[in-house]
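Since the structure comes first, as structure tokens, the remarks are kept for the end.
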Amino acid sequence: MSDKSKSTSPSVERIVCKVCGKTLTRDQSIKAVIGHRCDSLLAAGFDAVKLAAHYAQVTGAIPEGYVKLSDLDKKVKREKGHVPGLTISKMVKAIGRDRALESALHPIARPVYDVRRHRWVNGWLMTKAGLVAIATGDFSKAPKA
């Protein structure tokens, strides 16, 4: 049931999770053809149909001004020493936790998935005010999403 396709290197196969489609890198996940996060979600009562419906709900066109979550992650790591209380865990909480399975703290922090399952967030979160909002959980000064 695994989806195997050629990566950029002709001799390396890319094995993806049978639930979410992300590329698997851990040996245990590759053998099971399911990522550890999807496996734990299935164990917690989510099924493949519920997860697929969730991903369909949060997947769409990326609005103008949005940035990849990985870029925000890098910015948070660079700025955490300059913004009191800023941590990666607070960023993850702000967007609705991993896989956006919970509600974001504020509509401006709600991620959008593209068809490749990359997460995008509003670029305002990369600003000083956005980073402070992530650190404090106070999004009262956020622009309307």
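Letters A, B, ... mark the chains of the structure tokens in the order given; residue numbers begin at 1 per chain; ligand numbers begin at 1, in order shown.
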Excluding A:Trp120 and residues on its chain fewer than 4 positions from it, collect all residues at most 12 Å away from it, counting only C-alpha atoms, and give them as a PDB file with N, CA and C atoms, in the first residue's frame.
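What landed in around.pdb:
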```pdb
ATOM      1  N   VAL A  58      -7.914  21.516   5.714  1.00  0.00           N
ATOM      2  CA  VAL A  58      -6.866  22.520   5.940  1.00  0.00           C
ATOM      3  C   VAL A  58      -5.953  22.708   4.733  1.00  0.00           C
ATOM      4  N   THR A  59      -6.244  22.024   3.632  1.00  0.00           N
ATOM      5  CA  THR A  59      -5.430  22.139   2.423  1.00  0.00           C
ATOM      6  C   THR A  59      -6.123  23.082   1.452  1.00  0.00           C
ATOM      7  N   GLY A  60      -5.343  23.954   0.848  1.00  0.00           N
ATOM      8  CA  GLY A  60      -5.939  24.872  -0.114  1.00  0.00           C
ATOM      9  C   GLY A  60      -4.904  25.766  -0.754  1.00  0.00           C
ATOM     10  N   ALA A  61      -5.383  26.772  -1.451  1.00  0.00           N
ATOM     11  CA  ALA A  61      -4.516  27.748  -2.089  1.00  0.00           C
ATOM     12  C   ALA A  61      -3.818  28.574  -1.007  1.00  0.00           C
ATOM     13  N   ILE A  62      -2.577  28.855  -1.218  1.00  0.00           N
ATOM     14  CA  ILE A  62      -1.801  29.622  -0.244  1.00  0.00           C
ATOM     15  C   ILE A  62      -2.057  31.110  -0.477  1.00  0.00           C
ATOM     16  N   PRO A  63      -2.609  31.788   0.528  1.00  0.00           N
ATOM     17  CA  PRO A  63      -2.884  33.222   0.368  1.00  0.00           C
ATOM     18  C   PRO A  63      -1.596  34.037   0.204  1.00  0.00           C
ATOM     19  N   GLU A  64      -1.735  35.158  -0.440  1.00  0.00           N
ATOM     20  CA  GLU A  64      -0.600  36.069  -0.619  1.00  0.00           C
ATOM     21  C   GLU A  64      -0.096  36.522   0.750  1.00  0.00           C
ATOM     22  N   GLY A  65       1.220  36.578   0.899  1.00  0.00           N
ATOM     23  CA  GLY A  65       1.821  37.021   2.147  1.00  0.00           C
ATOM     24  C   GLY A  65       2.098  35.900   3.132  1.00  0.00           C
ATOM     25  N   TYR A  66       1.718  34.684   2.799  1.00  0.00           N
ATOM     26  CA  TYR A  66       1.995  33.554   3.683  1.00  0.00           C
ATOM     27  C   TYR A  66       3.420  33.057   3.455  1.00  0.00           C
ATOM     28  N   VAL A  67       4.011  32.482   4.492  1.00  0.00           N
ATOM     29  CA  VAL A  67       5.380  31.957   4.430  1.00  0.00           C
ATOM     30  C   VAL A  67       5.362  30.509   4.905  1.00  0.00           C
ATOM     31  N   LYS A  68       6.339  29.759   4.472  1.00  0.00           N
ATOM     32  CA  LYS A  68       6.430  28.369   4.913  1.00  0.00           C
ATOM     33  C   LYS A  68       6.658  28.326   6.416  1.00  0.00           C
ATOM     34  N   LEU A  69       6.017  27.383   7.062  1.00  0.00           N
ATOM     35  CA  LEU A  69       6.191  27.218   8.502  1.00  0.00           C
ATOM     36  C   LEU A  69       7.650  26.945   8.833  1.00  0.00           C
ATOM     37  N   SER A  70       8.366  26.276   7.949  1.00  0.00           N
ATOM     38  CA  SER A  70       9.788  26.008   8.200  1.00  0.00           C
ATOM     39  C   SER A  70      10.590  27.308   8.279  1.00  0.00           C
ATOM     40  N   ASP A  71      10.175  28.324   7.531  1.00  0.00           N
ATOM     41  CA  ASP A  71      10.854  29.626   7.613  1.00  0.00           C
ATOM     42  C   ASP A  71      10.547  30.306   8.952  1.00  0.00           C
ATOM     43  N   LEU A  72       9.303  30.195   9.405  1.00  0.00           N
ATOM     44  CA  LEU A  72       8.957  30.737  10.729  1.00  0.00           C
ATOM     45  C   LEU A  72       9.734  29.999  11.810  1.00  0.00           C
ATOM     46  N   ASP A  73       9.857  28.693  11.677  1.00  0.00           N
ATOM     47  CA  ASP A  73      10.622  27.891  12.631  1.00  0.00           C
ATOM     48  C   ASP A  73      12.061  28.408  12.740  1.00  0.00           C
ATOM     49  N   ILE A  95      -0.217  27.532  16.420  1.00  0.00           N
ATOM     50  CA  ILE A  95      -0.811  27.120  15.146  1.00  0.00           C
ATOM     51  C   ILE A  95      -1.813  25.975  15.292  1.00  0.00           C
ATOM     52  N   ARG A  99       0.101  19.033  13.068  1.00  0.00           N
ATOM     53  CA  ARG A  99      -0.925  18.685  12.071  1.00  0.00           C
ATOM     54  C   ARG A  99      -2.162  19.576  12.163  1.00  0.00           C
ATOM     55  N   ALA A 100      -2.071  20.651  12.948  1.00  0.00           N
ATOM     56  CA  ALA A 100      -3.185  21.595  13.107  1.00  0.00           C
ATOM     57  C   ALA A 100      -4.467  20.880  13.506  1.00  0.00           C
ATOM     58  N   ILE A 108      -5.180  34.333  12.749  1.00  0.00           N
ATOM     59  CA  ILE A 108      -3.995  34.692  11.975  1.00  0.00           C
ATOM     60  C   ILE A 108      -2.905  33.614  12.067  1.00  0.00           C
ATOM     61  N   ALA A 109      -2.984  32.762  13.069  1.00  0.00           N
ATOM     62  CA  ALA A 109      -1.974  31.719  13.251  1.00  0.00           C
ATOM     63  C   ALA A 109      -2.383  30.383  12.624  1.00  0.00           C
ATOM     64  N   ARG A 110      -3.571  30.317  12.038  1.00  0.00           N
ATOM     65  CA  ARG A 110      -4.058  29.073  11.441  1.00  0.00           C
ATOM     66  C   ARG A 110      -3.247  28.745  10.186  1.00  0.00           C
ATOM     67  N   PRO A 111      -2.613  27.578  10.147  1.00  0.00           N
ATOM     68  CA  PRO A 111      -1.828  27.213   8.964  1.00  0.00           C
ATOM     69  C   PRO A 111      -2.715  26.723   7.823  1.00  0.00           C
ATOM     70  N   VAL A 112      -2.155  26.801   6.622  1.00  0.00           N
ATOM     71  CA  VAL A 112      -2.787  26.250   5.426  1.00  0.00           C
ATOM     72  C   VAL A 112      -1.784  25.273   4.832  1.00  0.00           C
ATOM     73  N   TYR A 113      -2.263  24.106   4.457  1.00  0.00           N
ATOM     74  CA  TYR A 113      -1.415  23.110   3.809  1.00  0.00           C
ATOM     75  C   TYR A 113      -1.509  23.272   2.304  1.00  0.00           C
ATOM     76  N   ASP A 114      -0.388  23.083   1.612  1.00  0.00           N
ATOM     77  CA  ASP A 114      -0.466  23.004   0.159  1.00  0.00           C
ATOM     78  C   ASP A 114      -0.638  21.530  -0.218  1.00  0.00           C
ATOM     79  N   VAL A 115      -0.759  21.236  -1.485  1.00  0.00           N
ATOM     80  CA  VAL A 115      -1.027  19.861  -1.913  1.00  0.00           C
ATOM     81  C   VAL A 115       0.125  18.908  -1.597  1.00  0.00           C
ATOM     82  N   ARG A 116       1.307  19.442  -1.339  1.00  0.00           N
ATOM     83  CA  ARG A 116       2.458  18.602  -0.983  1.00  0.00           C
ATOM     84  C   ARG A 116       2.560  18.399   0.523  1.00  0.00           C
ATOM     85  N   TRP A 124       2.716  37.775   8.919  1.00  0.00           N
ATOM     86  CA  TRP A 124       2.756  38.663  10.076  1.00  0.00           C
ATOM     87  C   TRP A 124       3.424  37.985  11.263  1.00  0.00           C
ATOM     88  N   LEU A 125       3.309  36.666  11.357  1.00  0.00           N
ATOM     89  CA  LEU A 125       3.924  35.945  12.471  1.00  0.00           C
ATOM     90  C   LEU A 125       5.447  36.079  12.473  1.00  0.00           C
ATOM     91  N   MET A 126       6.039  36.426  11.334  1.00  0.00           N
ATOM     92  CA  MET A 126       7.498  36.592  11.235  1.00  0.00           C
ATOM     93  C   MET A 126       7.947  37.968  11.729  1.00  0.00           C
TER      94      MET A 126
END
```
- request: Mind listing the helix (DSSP H, G or I) residues of chain A, per DSSP on the backbone, as a PyMOL selection string?
  value: chain A and resi 27-32+36-43+48-58+69-79+88-94+98-100+107-109+123-126+128-136
Writing out the chosen residues with C-alpha atoms as a tab-separated table (two decimals), in the first residue's frame:
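This went into out_12.tsv:
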```tsv
chain	number	residue	atom	x	y	z
A	27	ASP	CA	13.79	3.01	9.65
A	28	GLN	CA	10.91	1.90	11.87
A	29	SER	CA	8.49	4.15	10.00
A	30	ILE	CA	9.76	2.99	6.62
A	31	LYS	CA	9.23	-0.66	7.60
A	32	ALA	CA	5.68	0.10	8.81
A	36	HIS	CA	5.33	7.87	13.98
A	37	ARG	CA	2.94	10.84	14.36
A	38	CYS	CA	0.26	9.31	12.13
A	39	ASP	CA	0.71	5.99	13.91
A	40	SER	CA	0.16	7.66	17.30
A	41	LEU	CA	-2.88	9.55	15.95
A	42	LEU	CA	-4.41	6.29	14.73
A	43	ALA	CA	-3.74	4.76	18.16
A	48	ALA	CA	-7.34	7.22	8.08
A	49	VAL	CA	-10.71	8.57	6.90
A	50	LYS	CA	-10.91	11.19	9.69
A	51	LEU	CA	-7.31	12.25	9.09
A	52	ALA	CA	-7.86	12.49	5.32
A	53	ALA	CA	-10.95	14.65	5.93
A	54	HIS	CA	-8.97	16.88	8.29
A	55	TYR	CA	-6.16	17.32	5.75
A	56	ALA	CA	-8.70	18.11	3.02
A	57	GLN	CA	-10.21	20.78	5.28
A	58	VAL	CA	-6.87	22.52	5.94
A	69	LEU	CA	6.19	27.22	8.50
A	70	SER	CA	9.79	26.01	8.20
A	71	ASP	CA	10.85	29.63	7.61
A	72	LEU	CA	8.96	30.74	10.73
A	73	ASP	CA	10.62	27.89	12.63
A	74	LYS	CA	14.06	29.20	11.60
A	75	LYS	CA	13.08	32.75	12.56
A	76	VAL	CA	11.84	31.63	16.01
A	77	LYS	CA	15.11	29.75	16.59
A	78	ARG	CA	17.11	32.86	15.62
A	79	GLU	CA	15.02	35.30	17.65
A	88	ILE	CA	9.29	26.42	19.30
A	89	SER	CA	6.70	24.74	21.53
A	90	LYS	CA	4.79	28.05	21.81
A	91	MET	CA	4.89	28.41	18.03
A	92	VAL	CA	3.48	24.89	17.64
A	93	LYS	CA	0.77	25.62	20.23
A	94	ALA	CA	-0.11	28.88	18.45
A	98	ASP	CA	1.16	19.29	15.21
A	99	ARG	CA	-0.93	18.69	12.07
A	100	ALA	CA	-3.18	21.60	13.11
A	107	PRO	CA	-7.18	33.00	13.19
A	108	ILE	CA	-3.99	34.69	11.98
A	109	ALA	CA	-1.97	31.72	13.25
A	123	GLY	CA	3.73	36.32	7.22
A	124	TRP	CA	2.76	38.66	10.08
A	125	LEU	CA	3.92	35.94	12.47
A	126	MET	CA	7.50	36.59	11.24
A	128	LYS	CA	8.49	41.40	15.83
A	129	ALA	CA	4.84	41.85	16.85
A	130	GLY	CA	4.00	38.37	15.58
A	131	LEU	CA	6.89	36.79	17.48
A	132	VAL	CA	5.84	38.59	20.67
A	133	ALA	CA	2.27	37.33	20.15
A	134	ILE	CA	3.57	33.77	19.83
A	135	ALA	CA	5.69	34.19	22.96
A	136	THR	CA	2.92	35.69	25.09
```
- request: Mind giving me the straight-line distance from atom CA of A:Lys18 to atom CA of A:Ala104 in Å, one decimal?
  value: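 Spanning atom CA of A:Lys18 to atom CA of A:Ala104 is a straight-line distance of 26.0 Å.
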- prompt: as an NGL selection string, which residues of chain A does DSSP assign to strand (DSSP E)?
  reply: :A and (3-6 or 13-16 or 66-68 or 112-113 or 119-122)
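Between atom CA of A:Asn122 and atom CA of A:Lys144 the interatomic distance comes to 10.8 Å.
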query: atom CA of A:Leu86 and atom CA of A:Asp138 are how many Å apart?
result: 12.3 Å
